[in-house]
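K.L.:
Submitted below is the structure of interest, expressed as structure tokens.
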Amino acid sequence: MTLVLLVRHGLTAGTGSVGRDQAAALAARLAGVALDAIVSSPLQRCRETADAIAAARDGHPVAVTEDARFAEVAYGDWTGKPIKRLTKEPLWRVVQAHPSAVRFPGQDGESLPGVQERAVAAIRDWNTRLGPKAAYLVCSHGDVIKSILADSLGMHLDMFQRIQVDPCSVSVIRYTPLRPFVIRMNDTGTGLPKPAGPAGAESAAGRPGTENGQTAGHSGMSEGDAVIGGGAGG
């Protein structure tokens, strides 16, 4: 039974030292967990979080290995554009309601099914490489982690927007010869979240395709200013 810890990177743009503080707190939480490997997306925000975890090993030193299959979604022509503008695009509603049909525009745009395929293939590859008694950590991005969790839960990709993955959260999957078992999801070590709106109202944190009021992959700025592909939202 291979144990996989999925960690989303800490906050980035517009947040000052908050992301570094989040990573340090997470590293302290995981210091005593024996890990056979730490694997990271090559993007800087993931690598910094993974390096913080590696530096805080309590007698269990592990080097960080990069794997591009855990990289952020390639948003193509949407990269760097403000959410306020993109919400007017016809494709925006498809991303929220029918993500399995989405390919982001432009020559470098990636499909969301393609993201899930490469991420799950990478997990399976590392499971085989490290063996059934291994425990390892993967530091990646919100939508990538959500796609892995959806696969492990047997959920169609069109429902993966129901899963929330916060910055520096930990999700845990145990892979067995029979099937994966999801042991923990979106654990930030801070207890239950506070209510985000009036009873019966759809909160920003719960809207499909958003992470605490911002579409996955955005910076910590306001929704009108945030841009695609810039980092974790608040």
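FYI, nothing fancy with the structure tokens labels: chains A, B, ... in order, residues from 1 per chain, ligands from 1 as they appear.
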Can you pull out every residue from chain A that DSSP, working from the backbone, puts in alpha helix (DSSP H), and format the result as an NGL selection string?
P.N.:
:A and (18-30 or 44-55 or 83-86 or 90-97 or 112-130 or 142-153)
K.L.:
Write the residues of the preceding selection, restricted to C-alpha atoms, as a compact mmCIF listing (two decimals), in the first residue's frame.
P.N.:
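Dumped everything to part16.txt:
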# COMPACT_ATOMS: atom_id res chain seq x y z
CA VAL A 18 2.23 34.82 4.10
CA GLY A 19 3.13 32.05 1.67
CA ARG A 20 6.52 31.50 3.30
CA ASP A 21 4.89 31.41 6.72
CA GLN A 22 2.34 28.87 5.46
CA ALA A 23 5.10 26.68 4.03
CA ALA A 24 7.10 26.87 7.28
CA ALA A 25 4.06 25.89 9.34
CA LEU A 26 3.29 22.98 7.03
CA ALA A 27 6.91 21.84 7.11
CA ALA A 28 6.79 21.79 10.91
CA ARG A 29 3.58 19.72 10.82
CA LEU A 30 5.19 17.16 8.51
CA GLN A 44 8.97 28.24 -8.33
CA ARG A 45 5.99 28.53 -5.98
CA CYS A 46 5.82 24.74 -5.65
CA ARG A 47 9.56 24.29 -5.42
CA GLU A 48 9.81 26.82 -2.58
CA THR A 49 7.14 24.98 -0.59
CA ALA A 50 8.74 21.59 -1.29
CA ASP A 51 12.17 22.91 -0.31
CA ALA A 52 10.77 24.19 3.00
CA ILE A 53 9.34 20.75 3.73
CA ALA A 54 12.62 19.05 2.77
CA ALA A 55 14.63 21.41 4.98
CA ILE A 83 -10.55 37.06 -14.32
CA LYS A 84 -12.96 39.97 -14.76
CA ARG A 85 -12.33 39.84 -18.49
CA LEU A 86 -12.33 36.06 -18.81
CA PRO A 90 -18.21 31.70 -23.50
CA LEU A 91 -15.59 29.11 -22.49
CA TRP A 92 -15.68 30.33 -18.88
CA ARG A 93 -19.08 28.75 -18.19
CA VAL A 94 -17.88 25.49 -19.74
CA VAL A 95 -14.88 25.44 -17.39
CA GLN A 96 -17.28 25.68 -14.44
CA ALA A 97 -19.99 23.26 -15.58
CA LEU A 112 -8.40 19.45 -18.48
CA PRO A 113 -8.73 15.72 -19.29
CA GLY A 114 -5.11 15.90 -20.45
CA VAL A 115 -4.11 17.44 -17.12
CA GLN A 116 -5.76 14.61 -15.23
CA GLU A 117 -4.22 11.98 -17.51
CA ARG A 118 -0.65 13.22 -17.03
CA ALA A 119 -1.04 13.78 -13.29
CA VAL A 120 -2.57 10.38 -12.54
CA ALA A 121 0.00 8.69 -14.80
CA ALA A 122 2.75 10.40 -12.82
CA ILE A 123 1.28 9.17 -9.53
CA ARG A 124 1.06 5.62 -10.85
CA ASP A 125 4.62 5.84 -12.13
CA TRP A 126 5.96 7.03 -8.76
CA ASN A 127 3.95 4.33 -6.97
CA THR A 128 5.65 1.69 -9.09
CA ARG A 129 9.06 3.31 -8.78
CA LEU A 130 8.97 3.59 -4.97
CA GLY A 142 -4.93 23.24 -7.11
CA ASP A 143 -6.53 21.89 -10.28
CA VAL A 144 -3.87 19.22 -10.68
CA ILE A 145 -4.46 17.93 -7.15
CA LYS A 146 -8.23 18.10 -7.60
CA SER A 147 -7.96 15.98 -10.74
CA ILE A 148 -5.94 13.33 -8.87
CA LEU A 149 -8.44 13.30 -6.01
CA ALA A 150 -11.37 13.02 -8.42
CA ASP A 151 -9.74 9.98 -10.03
CA SER A 152 -9.14 8.37 -6.65
CA LEU A 153 -12.75 9.01 -5.60
K.L.:
Among stretch 41-176 of chain A, which ones does DSSP assign to strand (DSSP E) (computed from the backbone)? Answer as a list in words.
P.N.:
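Filtering stretch 41-176 of chain A down to strand (DSSP E) leaves Val64, Thr65, Glu66, Ala135, Tyr136, Leu137, Val138, Cys139, Ser140, Val170, Ser171, Val172, Ile173, Arg174 and Tyr175 of chain A.
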K.L.:
In Å, how far is it from atom CA of A:Ala31 to atom CA of A:Cys139?
P.N.:
15.2 Å
K.L.:
So, counting only C-alpha atoms, which residue among A:Gln164, A:Thr87, A:Thr79, A:Thr65 is closest to A:Pro105?
P.N.:
A:Thr79
K.L.:
Pick the closest to A:Tyr175 from A:Trp78, A:Phe104, A:Phe160, A:Tyr136: which is it, counting only C-alpha atoms?
P.N.:
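Ranked by minimum distance to A:Tyr175, first place goes to A:Tyr136.
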K.L.:
As an exercise, work out the distance from atom CA of A:Val39 to atom CA of A:Asp77 in Å and give it to one decimal place.
P.N.:
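Pair atom CA of A:Val39 / atom CA of A:Asp77 returns 28.1 Å.
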K.L.:
Which is closest to A:Ala68 among A:Leu6, A:Ile173, A:Leu11, A:Val138, if we use only C-alpha atoms?
P.N.:
A:Val138
K.L.:
Which one of A:Lys133, A:Phe70, A:His141, A:Gln107 sits closest to A:Ala34 if you count only C-alpha atoms?
P.N.:
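The answer is A:Lys133, which sits nearest to A:Ala34.
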K.L.:
Kindly indicate which residue among A:Thr2, A:Glu72, A:Ala134, A:Glu110 lies nearest to A:Leu35, using only C-alpha atoms for the distances.
P.N.:
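That would be A:Ala134, the residue with the smallest distance to A:Leu35.
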K.L.:
What does the distance between atom CA of A:Arg69 and atom CA of A:Pro132 come to in Å, to one decimal place?
P.N.:
21.2 Å
